[in-house]
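Structure file my_file-v9.tsv (TSV, C-alpha atoms and all ligand atoms) is printed below.
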```tsv
chain	number	residue	atom	x	y	z
A	529	ALA	CA	126.98	114.81	102.96
A	530	LEU	CA	125.23	117.77	104.49
A	531	THR	CA	121.59	118.09	103.49
A	532	ILE	CA	118.89	120.71	103.36
A	533	GLY	CA	115.39	119.60	104.34
A	534	ILE	CA	112.54	121.06	102.33
A	535	VAL	CA	109.42	121.78	104.36
A	536	GLY	CA	106.20	123.68	103.76
A	537	LEU	CA	102.46	123.52	104.17
A	538	PRO	CA	100.47	121.42	101.68
A	539	ASN	CA	99.76	122.94	98.25
A	540	VAL	CA	102.54	125.52	98.32
A	541	GLY	CA	104.44	123.98	95.39
A	542	LYS	CA	106.93	121.78	97.25
A	543	SER	CA	106.50	118.72	95.04
A	544	THR	CA	106.64	120.82	91.89
A	545	LEU	CA	109.93	122.34	93.03
A	546	PHE	CA	111.32	119.07	94.33
A	547	ASN	CA	110.59	117.28	91.05
A	548	ALA	CA	112.55	119.99	89.26
A	549	LEU	CA	115.38	119.53	91.78
A	550	THR	CA	115.57	115.78	91.17
A	551	LYS	CA	115.57	116.31	87.40
A	552	ALA	CA	118.59	118.54	87.83
A	553	GLU	CA	120.47	115.39	88.86
A	554	VAL	CA	122.26	115.20	85.52
A	555	LEU	CA	125.34	114.13	87.38
A	556	ALA	CA	124.21	110.74	88.54
A	557	ALA	CA	127.06	109.07	86.64
A	558	ASN	CA	129.65	111.01	88.62
A	559	TYR	CA	127.85	110.49	91.89
A	560	PRO	CA	126.78	106.86	92.00
A	561	PHE	CA	125.23	107.20	95.45
A	562	ALA	CA	123.22	110.27	94.58
A	563	THR	CA	119.97	108.74	93.45
A	564	ILE	CA	119.57	105.90	95.91
A	565	GLU	CA	117.10	107.76	98.08
A	566	PRO	CA	113.95	108.80	96.23
A	567	ASN	CA	113.38	111.76	98.51
A	568	VAL	CA	116.85	113.21	97.95
A	569	GLY	CA	117.69	115.60	95.13
A	570	VAL	CA	121.35	116.24	94.41
A	571	VAL	CA	121.70	119.53	92.55
A	572	PRO	CA	124.81	120.84	90.82
A	573	LEU	CA	126.26	124.04	92.22
A	574	PRO	CA	126.53	126.51	89.32
A	575	ASP	CA	130.15	127.59	88.91
A	576	GLU	CA	131.22	129.57	85.86
A	577	ARG	CA	134.86	129.09	86.77
A	578	LEU	CA	134.82	125.42	85.80
A	579	GLY	CA	134.21	126.12	82.12
A	580	LYS	CA	137.01	128.68	82.07
A	581	LEU	CA	139.39	126.30	83.83
A	582	ALA	CA	138.52	123.58	81.33
A	583	GLY	CA	139.44	126.06	78.59
A	584	VAL	CA	142.90	126.61	80.07
A	585	PHE	CA	143.61	122.93	80.75
A	586	GLY	CA	141.74	121.39	77.83
A	587	SER	CA	139.68	119.29	80.25
A	588	GLU	CA	137.32	116.68	78.79
A	589	LYS	CA	134.85	116.85	81.66
A	590	LEU	CA	133.47	119.40	84.12
A	591	ILE	CA	132.47	118.17	87.56
A	592	PRO	CA	130.73	120.75	89.72
A	593	ALA	CA	130.11	120.51	93.46
A	594	THR	CA	126.60	119.52	94.53
A	595	VAL	CA	124.01	120.39	97.13
A	596	SER	CA	121.63	117.77	98.54
A	597	PHE	CA	117.98	118.49	99.27
A	598	VAL	CA	115.68	116.14	101.17
A	599	ASP	CA	111.94	116.30	100.66
A	600	ILE	CA	110.25	116.35	104.05
A	601	ALA	CA	106.68	116.45	102.86
A	602	GLY	CA	103.62	117.29	104.81
A	603	ILE	CA	104.27	119.33	107.93
A	604	VAL	CA	100.93	120.54	109.22
A	605	LYS	CA	99.53	122.26	112.25
A	606	GLY	CA	99.74	119.78	115.12
A	607	ALA	CA	102.84	117.99	113.84
A	608	SER	CA	104.58	118.55	117.19
A	609	GLU	CA	101.78	116.61	118.91
A	610	GLY	CA	102.56	113.63	116.72
A	611	GLU	CA	99.36	113.96	114.73
A	612	GLY	CA	99.28	111.76	111.68
A	613	LEU	CA	102.82	111.23	110.51
A	614	GLY	CA	104.02	114.25	112.48
A	615	ASN	CA	106.67	112.42	114.45
A	616	LYS	CA	108.32	110.95	111.39
A	617	PHE	CA	108.48	114.36	109.73
A	618	LEU	CA	110.05	115.87	112.81
A	619	ALA	CA	112.62	113.06	112.92
A	620	ASN	CA	113.50	113.81	109.29
A	621	ILE	CA	113.86	117.51	110.00
A	622	ARG	CA	116.10	116.73	112.95
A	623	GLU	CA	118.52	114.98	110.59
A	624	ALA	CA	118.75	117.89	108.15
A	625	ASP	CA	121.60	120.39	108.49
A	626	ALA	CA	119.54	123.33	107.27
A	627	ILE	CA	115.85	123.86	106.58
A	628	CYS	CA	114.33	125.34	103.46
A	629	GLN	CA	110.71	126.41	103.82
A	630	VAL	CA	108.69	126.78	100.64
A	631	VAL	CA	106.11	129.50	101.13
A	632	ARG	CA	103.18	130.06	98.82
A	633	ALA	CA	102.97	133.60	97.50
A	634	PHE	CA	101.24	132.81	94.18
A	635	VAL	CA	97.52	133.37	93.83
A	636	ASP	CA	95.55	130.72	91.95
A	637	ASP	CA	91.92	130.10	92.81
A	638	ASP	CA	92.17	126.62	91.33
A	639	VAL	CA	94.74	125.59	93.92
A	640	ILE	CA	93.22	125.38	97.37
A	641	HIS	CA	95.17	126.93	100.21
A	642	VAL	CA	95.06	124.94	103.45
A	643	ALA	CA	94.13	128.00	105.50
A	644	GLY	CA	91.73	129.31	102.87
A	645	ARG	CA	93.87	132.25	101.79
A	646	VAL	CA	97.38	133.12	100.66
A	647	ASP	CA	99.21	134.57	103.63
A	648	PRO	CA	102.98	134.01	103.64
A	649	ALA	CA	103.54	135.51	107.11
A	650	ASP	CA	100.93	133.22	108.62
A	651	ASP	CA	102.31	130.15	106.82
A	652	ILE	CA	105.79	130.87	108.16
A	653	GLU	CA	104.35	131.32	111.62
A	654	VAL	CA	102.55	127.94	111.48
A	655	ILE	CA	105.73	126.06	110.68
A	656	HIS	CA	107.86	128.01	113.13
A	657	THR	CA	105.34	127.34	115.86
A	658	GLU	CA	105.41	123.59	115.23
A	659	LEU	CA	109.19	123.53	115.26
A	660	MET	CA	109.36	125.66	118.41
A	661	LEU	CA	106.86	123.40	120.17
A	662	ALA	CA	108.92	120.37	119.18
A	663	ASP	CA	112.09	122.02	120.56
A	664	LEU	CA	110.27	122.91	123.78
A	665	GLN	CA	109.22	119.28	124.17
A	666	THR	CA	112.82	118.20	123.74
A	667	LEU	CA	114.02	120.70	126.34
A	668	GLU	CA	111.29	119.77	128.82
A	669	LYS	CA	112.62	116.23	128.78
A	670	VAL	CA	116.28	117.16	128.80
A	671	ILE	CA	116.39	119.85	131.49
A	672	PRO	CA	115.36	117.64	134.46
A	673	ARG	CA	117.89	115.04	133.34
A	674	LEU	CA	120.61	117.69	133.06
A	675	GLU	CA	119.74	119.04	136.52
A	676	LYS	CA	120.34	115.60	138.02
A	677	GLU	CA	123.55	115.15	136.07
A	678	VAL	CA	124.90	118.53	137.12
A	679	LYS	CA	124.21	117.65	140.78
A	680	GLY	CA	126.03	114.37	140.30
A	681	LYS	CA	128.86	116.21	138.52
A	682	LYS	CA	128.19	114.21	135.36
A	683	ALA	CA	127.22	117.18	133.22
A	684	ASP	CA	128.56	120.68	132.73
A	685	LYS	CA	126.54	123.46	134.38
A	686	ALA	CA	127.08	125.59	131.27
A	687	VAL	CA	125.10	123.05	129.24
A	688	LEU	CA	122.18	123.19	131.67
A	689	ASP	CA	122.27	126.99	131.65
A	690	ALA	CA	122.19	127.03	127.86
A	691	ALA	CA	119.22	124.64	127.83
A	692	VAL	CA	117.29	126.77	130.31
A	693	ALA	CA	118.04	129.95	128.38
A	694	ALA	CA	116.94	128.28	125.14
A	695	GLN	CA	113.69	127.22	126.76
A	696	LYS	CA	113.03	130.78	127.92
A	697	LEU	CA	113.67	132.16	124.44
A	698	LEU	CA	111.34	129.65	122.81
A	699	GLU	CA	108.63	130.37	125.37
A	700	GLU	CA	108.86	133.99	124.28
A	701	GLY	CA	108.14	132.82	120.73
A	702	VAL	CA	111.63	133.40	119.32
A	703	THR	CA	113.46	130.73	117.31
A	704	LEU	CA	116.99	129.85	118.33
A	705	ALA	CA	118.34	130.79	114.91
A	706	LYS	CA	116.96	134.28	115.40
A	707	GLY	CA	117.57	134.86	119.10
A	708	ALA	CA	120.28	132.59	120.52
A	709	ALA	CA	123.24	134.83	119.73
A	710	LYS	CA	121.54	137.90	121.14
A	711	ALA	CA	120.55	136.04	124.30
A	712	GLY	CA	124.15	134.91	124.76
A	713	ILE	CA	123.29	131.22	124.33
A	714	GLU	CA	126.21	129.08	123.23
A	715	MET	CA	124.53	126.71	120.77
A	716	GLU	CA	127.67	124.56	120.81
A	717	HIS	CA	126.55	123.34	124.26
A	718	LEU	CA	123.23	122.15	122.81
A	719	ARG	CA	124.53	120.63	119.60
A	720	GLU	CA	123.65	117.06	120.61
A	721	LEU	CA	120.00	117.98	121.03
A	722	SER	CA	119.63	118.80	117.29
A	723	LEU	CA	117.17	121.54	118.15
A	724	MET	CA	115.20	122.32	115.03
A	725	THR	CA	114.85	126.05	115.32
A	726	SER	CA	118.62	126.37	115.73
A	727	LYS	CA	119.22	125.14	112.19
A	728	PRO	CA	119.90	127.72	109.50
A	729	PHE	CA	116.76	128.59	107.54
A	730	ILE	CA	116.27	129.50	103.89
A	731	PHE	CA	112.93	130.73	102.58
A	732	VAL	CA	111.74	130.02	99.07
A	733	PHE	CA	108.77	132.15	98.07
A	734	ASN	CA	106.82	130.50	95.30
A	735	VAL	CA	105.56	133.57	93.46
A	736	ASP	CA	103.58	134.29	90.28
A	737	GLU	CA	105.62	135.22	87.23
A	738	ASP	CA	104.82	138.87	88.06
A	739	GLY	CA	106.23	138.35	91.53
A	740	LEU	CA	109.64	137.48	90.10
A	741	SER	CA	110.31	141.15	89.48
A	742	ASP	CA	108.02	142.66	92.13
A	743	GLU	CA	110.52	144.63	94.22
A	744	LYS	CA	107.90	145.76	96.72
A	745	LEU	CA	106.71	142.23	97.47
A	746	GLN	CA	110.26	140.94	97.68
A	747	THR	CA	111.43	143.66	100.06
A	748	LYS	CA	108.48	142.95	102.33
A	749	MET	CA	109.19	139.22	102.37
A	750	ARG	CA	112.91	139.74	102.92
A	751	GLU	CA	112.17	141.92	105.94
A	752	LEU	CA	109.77	139.28	107.23
A	753	VAL	CA	112.41	136.54	107.31
A	754	ALA	CA	115.64	138.46	107.94
A	755	PRO	CA	118.36	137.54	108.79
A	756	ALA	CA	117.52	134.30	106.91
A	757	ASP	CA	118.00	134.29	103.14
A	758	ALA	CA	114.99	134.58	100.81
A	759	ILE	CA	114.69	133.31	97.24
A	760	PHE	CA	111.87	134.13	94.85
A	761	LEU	CA	110.96	131.64	92.18
A	762	ASN	CA	108.01	130.25	90.30
A	763	ALA	CA	107.89	126.49	90.84
A	764	LYS	CA	105.98	125.84	87.62
A	765	LEU	CA	108.50	127.84	85.62
A	766	GLU	CA	111.34	125.90	87.27
A	767	SER	CA	109.72	122.63	86.21
A	768	GLU	CA	109.57	123.93	82.62
A	769	LEU	CA	113.14	125.29	82.66
A	770	ILE	CA	114.58	121.96	83.69
A	771	GLU	CA	113.21	120.35	80.50
A	772	LEU	CA	115.02	122.82	78.22
A	773	ASP	CA	118.58	123.01	76.97
A	774	ALA	CA	120.77	125.83	78.26
A	775	GLU	CA	120.04	128.22	75.41
A	776	GLU	CA	116.26	127.77	75.46
A	777	ALA	CA	116.24	128.05	79.25
A	778	ALA	CA	118.17	131.33	79.09
A	779	GLU	CA	115.63	132.65	76.59
A	780	LEU	CA	112.65	131.67	78.70
A	781	LEU	CA	114.29	133.22	81.77
A	782	SER	CA	115.00	136.50	80.07
A	783	SER	CA	111.40	136.59	78.77
A	784	VAL	CA	110.32	136.87	82.42
A	785	GLY	CA	113.09	139.33	83.24
A	786	GLN	CA	115.38	136.90	85.04
A	787	GLU	CA	119.07	136.13	84.67
A	788	GLU	CA	119.35	133.05	86.82
A	789	SER	CA	116.95	130.18	87.50
A	790	GLY	CA	115.49	129.81	90.98
A	791	MET	CA	117.15	126.42	91.17
A	792	ASP	CA	120.61	127.88	90.59
A	793	GLN	CA	119.94	130.57	93.18
A	794	LEU	CA	118.75	127.95	95.63
A	795	ALA	CA	121.83	125.79	95.07
A	796	LYS	CA	124.15	128.75	95.71
A	797	VAL	CA	122.32	130.03	98.78
A	798	GLY	CA	121.93	126.51	100.14
A	799	PHE	CA	125.61	125.73	99.70
A	800	HIS	CA	126.58	128.91	101.49
A	801	THR	CA	124.02	128.41	104.26
A	802	LEU	CA	125.51	125.00	104.99
A	803	GLY	CA	128.86	126.70	105.60
A	804	LEU	CA	130.48	125.05	102.61
A	805	GLN	CA	132.97	126.28	100.05
A	806	THR	CA	134.83	124.81	97.10
A	807	TYR	CA	138.34	124.56	95.81
A	808	LEU	CA	139.26	123.62	92.26
A	809	THR	CA	141.46	121.06	90.54
A	810	ALA	CA	142.12	120.93	86.83
A	811	GLY	CA	143.84	118.76	84.24
A	812	PRO	CA	143.25	117.32	80.78
A	813	LYS	CA	140.80	114.74	82.16
A	814	GLU	CA	138.58	117.01	84.21
A	815	SER	CA	138.07	120.37	85.85
A	816	ARG	CA	136.44	119.81	89.16
A	817	ALA	CA	135.08	121.63	92.20
A	818	TRP	CA	135.54	119.90	95.56
A	819	THR	CA	133.38	120.59	98.57
A	820	ILE	CA	134.93	121.50	101.91
A	821	ARG	CA	133.82	123.35	105.02
A	822	GLN	CA	134.72	127.00	105.33
A	823	GLY	CA	137.94	127.27	107.34
A	824	TRP	CA	139.40	123.90	106.43
A	825	THR	CA	143.18	123.53	106.11
A	826	ALA	CA	145.01	122.22	103.04
A	827	PRO	CA	145.44	118.65	104.40
A	828	GLN	CA	141.74	118.48	105.31
A	829	ALA	CA	140.88	119.63	101.82
A	830	ALA	CA	143.21	117.01	100.34
A	831	GLY	CA	141.37	114.37	102.34
A	832	VAL	CA	138.20	115.02	100.35
A	833	ILE	CA	139.95	113.67	97.23
A	834	HIS	CA	141.51	110.71	99.03
A	835	THR	CA	142.35	109.91	102.65
A	836	ASP	CA	145.90	109.04	101.45
A	837	PHE	CA	146.28	112.64	100.24
A	838	GLN	CA	145.56	113.86	103.75
A	839	ARG	CA	147.71	111.29	105.54
A	840	GLY	CA	150.70	111.78	103.27
A	841	PHE	CA	150.25	115.52	102.75
A	842	ILE	CA	153.47	117.37	102.01
A	843	LYS	CA	152.35	120.64	100.48
A	844	ALA	CA	149.83	122.22	98.17
A	845	GLU	CA	150.69	124.07	94.99
A	846	ILE	CA	148.09	126.80	94.74
A	847	VAL	CA	147.20	129.54	92.30
A	848	GLY	CA	144.22	131.84	92.76
A	849	PHE	CA	141.59	131.42	90.04
A	850	ASP	CA	141.77	135.10	89.01
A	851	ASP	CA	145.58	135.03	88.86
A	852	LEU	CA	145.43	131.96	86.66
A	853	MET	CA	142.95	133.57	84.29
A	854	GLU	CA	145.00	136.77	84.10
A	855	THR	CA	148.20	134.91	83.23
A	856	GLY	CA	146.43	132.44	80.95
A	857	SER	CA	148.34	129.27	81.83
A	858	MET	CA	149.94	127.42	84.67
A	859	ALA	CA	153.45	127.93	83.20
A	860	GLU	CA	152.89	131.66	82.84
A	861	ALA	CA	151.42	131.90	86.36
A	862	LYS	CA	154.55	130.18	87.68
A	863	SER	CA	156.96	132.43	85.84
A	864	LYS	CA	155.08	135.48	87.16
A	865	GLY	CA	155.40	134.14	90.71
A	866	LYS	CA	151.65	133.66	91.16
A	867	VAL	CA	151.88	130.00	92.17
A	868	ARG	CA	152.35	129.51	95.90
A	869	MET	CA	153.56	126.54	97.92
A	870	GLU	CA	151.40	126.18	101.01
A	871	GLY	CA	151.99	123.94	104.03
A	872	LYS	CA	149.79	121.99	106.40
A	873	ASP	CA	148.47	125.01	108.31
A	874	TYR	CA	147.22	126.84	105.23
A	875	VAL	CA	143.51	127.69	105.38
A	876	MET	CA	141.85	127.14	102.01
A	877	GLN	CA	140.45	130.18	100.20
A	878	ASP	CA	137.56	130.29	97.78
A	879	GLY	CA	138.81	129.98	94.22
A	880	ASP	CA	142.06	128.20	95.06
A	881	VAL	CA	143.19	126.07	92.12
A	882	VAL	CA	145.18	123.29	93.75
A	883	GLU	CA	147.61	120.48	93.13
A	884	PHE	CA	148.52	118.45	96.20
A	885	ARG	CA	151.94	116.91	96.80
A	886	PHE	CA	151.87	113.88	99.02
A	887	ASN	CA	153.78	110.73	100.08
A	888	VAL	CA	152.13	107.40	99.50
B	901	LIG	P1	102.83	120.66	97.61
B	901	LIG	O1	101.61	120.10	98.24
B	901	LIG	O2	103.41	121.76	98.44
B	901	LIG	O3	103.82	119.63	97.25
B	901	LIG	O4	102.36	121.40	96.28
B	901	LIG	P2	102.39	120.91	94.76
B	901	LIG	O5	103.73	121.07	94.19
B	901	LIG	O6	101.75	119.57	94.65
B	901	LIG	O7	101.46	122.02	94.11
B	901	LIG	C1	100.10	122.12	94.48
B	901	LIG	C2	99.35	122.67	93.31
B	901	LIG	O8	99.78	124.00	93.03
B	901	LIG	C3	99.56	121.88	92.02
B	901	LIG	O9	98.32	121.84	91.34
B	901	LIG	C4	100.57	122.73	91.26
B	901	LIG	O10	100.42	122.59	89.86
B	901	LIG	C5	100.22	124.14	91.71
B	901	LIG	N1	101.38	125.00	91.67
B	901	LIG	C6	102.62	124.73	92.12
B	901	LIG	N2	103.45	125.78	91.93
B	901	LIG	C7	102.70	126.73	91.33
B	901	LIG	C8	102.97	128.05	90.86
B	901	LIG	O11	104.11	128.53	90.96
B	901	LIG	N3	101.93	128.74	90.32
B	901	LIG	C9	100.69	128.21	90.21
B	901	LIG	N4	99.73	128.94	89.67
B	901	LIG	N5	100.40	126.98	90.62
B	901	LIG	C10	101.38	126.23	91.16
```

Give the structure from the file, written as structure tokens.
Amino acid sequence: ALTIGIVGLPNVGKSTLFNALTKAEVLAANYPFATIEPNVGVVPLPDERLGKLAGVFGSEKLIPATVSFVDIAGIVKGASEGEGLGNKFLANIREADAICQVVRAFVDDDVIHVAGRVDPADDIEVIHTELMLADLQTLEKVIPRLEKEVKGKKADKAVLDAAVAAQKLLEEGVTLAKGAAKAGIEMEHLRELSLMTSKPFIFVFNVDEDGLSDEKLQTKMRELVAPADAIFLNAKLESELIELDAEEAAELLSSVGQEESGMDQLAKVGFHTLGLQTYLTAGPKESRAWTIRQGWTAPQAAGVIHTDFQRGFIKAEIVGFDDLMETGSMAEAKSKGKVRMEGKDYVMQDGDVVEFRFNV
């Protein structure tokens, strides 16, 4: 499964948030492999449609999609030089498909800040610098090798050009996520290098309760990290919310002027950042969301349920979620002509409620 690595300076609230994330793993029974790794938190993706589907089909169980977060504790200044456990952290980050940086924006004199003061922009800079230095080290090793290979016709010149352009960008202090497209660098050429600053970034600002509704602060932080997504949450509040039942949690949230927990926001943004989407299946046993990549075809989507479904794919019977809700039942949706038969080239759309037909 695709994972999001959580990074941040010490004392920003990473562990507090991560503990809340692992407690959200209420689904362990449905996902037997989910809790094997202690540093992985598998979080349900909130999806209001599942409850409504279950209403229509009389489903016993709801099974949401999930998002996996990996705790990559302890990045510090000097990590790229292999100080302390630096190298191991960088190896972990390399394996992640997206990076979520927790940034401290709460003020609490009892909690020491590593740099002696709360300065989100500086904290972001520190981590970016370490990741850029690590990418530069990678490129310094790779470019001479590529040059030789291009001469010997063993590598594509376009790959070398992309590597050199990436190096130039990083030397200018720009991450690949921010600058590659503008500089005309085809990241596809550099995929094998797992360059860290090319991964999609999400920023979680750990704010005071006041900060949750501080538009001015939030606008400033959003501008700071654009085009990356920013989420504002209070890690301590999240750790309290996770202990409550749904009703109590909703009450506590509304008492601080919020509609949705930070965790739910993070799951949604993370899922989207990874380039994922869901489709839905429903029956008396369960209503379920299945995870696929954006742009996948119907047979690929069927393969997520079972490889036999993909191999023996005939067609997919599909009704859009909204159409199904409007008509109120599968039978009614059919009689109104809202149920479509799609073939093997069909590209899945968000909210498709699907039944696959296949040969065994
Ligand atoms: P980590 O080093 O980034 O993993 O940070 P921790 O999660 O261990 O938090 C460091 C300290 O800050 C702990 O004493 C937490 O209780 C405290 N802390 C974490 N989040 C918040 C917060 O949102 N507000 C306040 N006031 N303190 C927090």

inquiry  = Show me, as number ranges by chain, the residues that have an atom within 12 Å of Ala709 in chain A when counting all atoms listed in the file, minus same-chain residues fewer than 6 positions from it.
reply    = A: 690, 693-694, 697, 702-703, 715-716, 726

ask   = Restricting the calculation to only C-alpha atoms and all ligand atoms, which member of A:Glu653, A:Asp689, A:Glu677, A:Asp738 is positioned closest to ligand LIG 901 (chain B)?
value =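 Of A:Glu653, A:Asp689, A:Glu677, A:Asp738, the one nearest ligand LIG 901 (chain B), counting only C-alpha atoms and all ligand atoms, is A:Asp738.
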
inquiry  = Please list as a ChimeraX atom specification every residue within 9 Å of range 780-783 of chain A, counting all atoms listed in the file and excluding residues in the same chain fewer than 5 positions away.
reply    = /A:765,769,775,788-789

query = Skipping near chain neighbours, those fewer than 4 positions away, what residues fall within 8 Å of Ala756 in chain A using all atoms listed in the file, listed as a PyMOL selection string?
reply = chain A and resi 728-731

Same residues, C-alpha atoms, saved as a short mmCIF file (atom, residue, chain, number, x, y, z; two decimals), keeping the file's coordinate frame:
```cif
data_model
loop_
_atom_site.label_atom_id
_atom_site.label_comp_id
_atom_site.auth_asym_id
_atom_site.auth_seq_id
_atom_site.Cartn_x
_atom_site.Cartn_y
_atom_site.Cartn_z
CA PRO A 728 119.90 127.72 109.50
CA PHE A 729 116.76 128.59 107.54
CA ILE A 730 116.27 129.50 103.89
CA PHE A 731 112.93 130.73 102.58
#
```

Distance query range 821-830 of chain A at most 12 Å, all atoms listed in the file, self and fewer than 4 positions along chain excluded, as a CSV table (one decimal) with C-alpha atoms, keeping the file's coordinate frame:
```csv
chain,number,residue,atom,x,y,z
A,529,ALA,CA,127.0,114.8,103.0
A,530,LEU,CA,125.2,117.8,104.5
A,799,PHE,CA,125.6,125.7,99.7
A,800,HIS,CA,126.6,128.9,101.5
A,801,THR,CA,124.0,128.4,104.3
A,802,LEU,CA,125.5,125.0,105.0
A,803,GLY,CA,128.9,126.7,105.6
A,804,LEU,CA,130.5,125.0,102.6
A,805,GLN,CA,133.0,126.3,100.0
A,806,THR,CA,134.8,124.8,97.1
A,807,TYR,CA,138.3,124.6,95.8
A,808,LEU,CA,139.3,123.6,92.3
A,809,THR,CA,141.5,121.1,90.5
A,817,ALA,CA,135.1,121.6,92.2
A,834,HIS,CA,141.5,110.7,99.0
A,835,THR,CA,142.4,109.9,102.6
A,836,ASP,CA,145.9,109.0,101.4
A,837,PHE,CA,146.3,112.6,100.2
A,838,GLN,CA,145.6,113.9,103.8
A,839,ARG,CA,147.7,111.3,105.5
A,840,GLY,CA,150.7,111.8,103.3
A,841,PHE,CA,150.2,115.5,102.8
A,842,ILE,CA,153.5,117.4,102.0
A,843,LYS,CA,152.4,120.6,100.5
A,844,ALA,CA,149.8,122.2,98.2
A,845,GLU,CA,150.7,124.1,95.0
A,846,ILE,CA,148.1,126.8,94.7
A,869,MET,CA,153.6,126.5,97.9
A,870,GLU,CA,151.4,126.2,101.0
A,871,GLY,CA,152.0,123.9,104.0
A,872,LYS,CA,149.8,122.0,106.4
A,873,ASP,CA,148.5,125.0,108.3
A,874,TYR,CA,147.2,126.8,105.2
A,875,VAL,CA,143.5,127.7,105.4
A,876,MET,CA,141.8,127.1,102.0
A,877,GLN,CA,140.4,130.2,100.2
A,878,ASP,CA,137.6,130.3,97.8
A,880,ASP,CA,142.1,128.2,95.1
A,881,VAL,CA,143.2,126.1,92.1
A,882,VAL,CA,145.2,123.3,93.8
A,883,GLU,CA,147.6,120.5,93.1
A,884,PHE,CA,148.5,118.4,96.2
A,885,ARG,CA,151.9,116.9,96.8
A,886,PHE,CA,151.9,113.9,99.0
```

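Closest approach to ligand LIG 901 (chain B) among A:Lys796, A:His641, A:Arg719, A:Arg622 is made by A:His641 (distances from all atoms listed in the file).
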
Check which residues of chain A sit at most 6 Å from ligand LIG 901 (chain B) using only C-alpha atoms and all ligand atoms, and return one row each with the closest pair of atoms and their distance in Å to one decimal, ordered by chain and rising number, as a Markdown table.
```
| residue | atom | partner | partner_atom | distance |
| --- | --- | --- | --- | --- |
| A:Pro538 | CA | B:LIG901 | O1 | 3.9 |
| A:Asn539 | CA | B:LIG901 | O1 | 3.4 |
| A:Val540 | CA | B:LIG901 | O2 | 3.9 |
| A:Gly541 | CA | B:LIG901 | O5 | 3.2 |
| A:Lys542 | CA | B:LIG901 | O2 | 3.7 |
| A:Ser543 | CA | B:LIG901 | O3 | 3.6 |
| A:Thr544 | CA | B:LIG901 | O5 | 3.7 |
| A:Phe634 | CA | B:LIG901 | N3 | 5.7 |
| A:Asp636 | CA | B:LIG901 | N4 | 5.1 |
| A:Val639 | CA | B:LIG901 | O8 | 5.4 |
| A:Asn734 | CA | B:LIG901 | O11 | 5.5 |
| A:Val735 | CA | B:LIG901 | O11 | 5.8 |
| A:Asp736 | CA | B:LIG901 | N3 | 5.8 |
| A:Asn762 | CA | B:LIG901 | O11 | 4.3 |
| A:Ala763 | CA | B:LIG901 | O11 | 4.3 |
| A:Lys764 | CA | B:LIG901 | O11 | 4.7 |
```

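If you look at CA of Leu590 in chain A and CA of Asp851 in chain A, they are 20.3 Å away from each other.
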
request  = Tell me which protein, DNA and RNA residues are within 7 Å of Ile770 in chain A, counting all atoms listed in the file, leaving out same-chain ones fewer than 5 positions away, and put them as a ChimeraX atom specification.
outcome  = /A:548,551-552

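Distance-wise, CA of Gly811 in chain A and CA of Gly583 in chain A end up 10.2 Å apart.
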
inquiry  = One decimal, in Å: what's the spacing between CA of Phe617 in chain A and CA of Ile600 in chain A?
reply    = 6.3 Å

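Proximity ranking of A:Gly533, A:Val595, A:Leu688, A:Lys864 relative to Ile820 in chain A places A:Val595 first, based on only C-alpha atoms.
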
query = Nearest to Val630 in chain A among A:Gly644, A:Gly798, A:Gly680, A:Gly536, with distances taken over all atoms listed in the file: which residue is it?
reply =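 Nearest candidate to Val630 in chain A out of A:Gly644, A:Gly798, A:Gly680, A:Gly536: A:Gly536.
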
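With all atoms listed in the file as the basis for measurement, A:Thr666 is the residue among A:Asn620, A:Thr666, A:Thr531, A:Thr550 that approaches Val692 in chain A most closely.
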
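Restricting the calculation to all atoms listed in the file, the smallest distance between Ala691 in chain A and any of A:Leu549, A:Leu723, A:Val571, A:Leu581 is found for A:Leu723.
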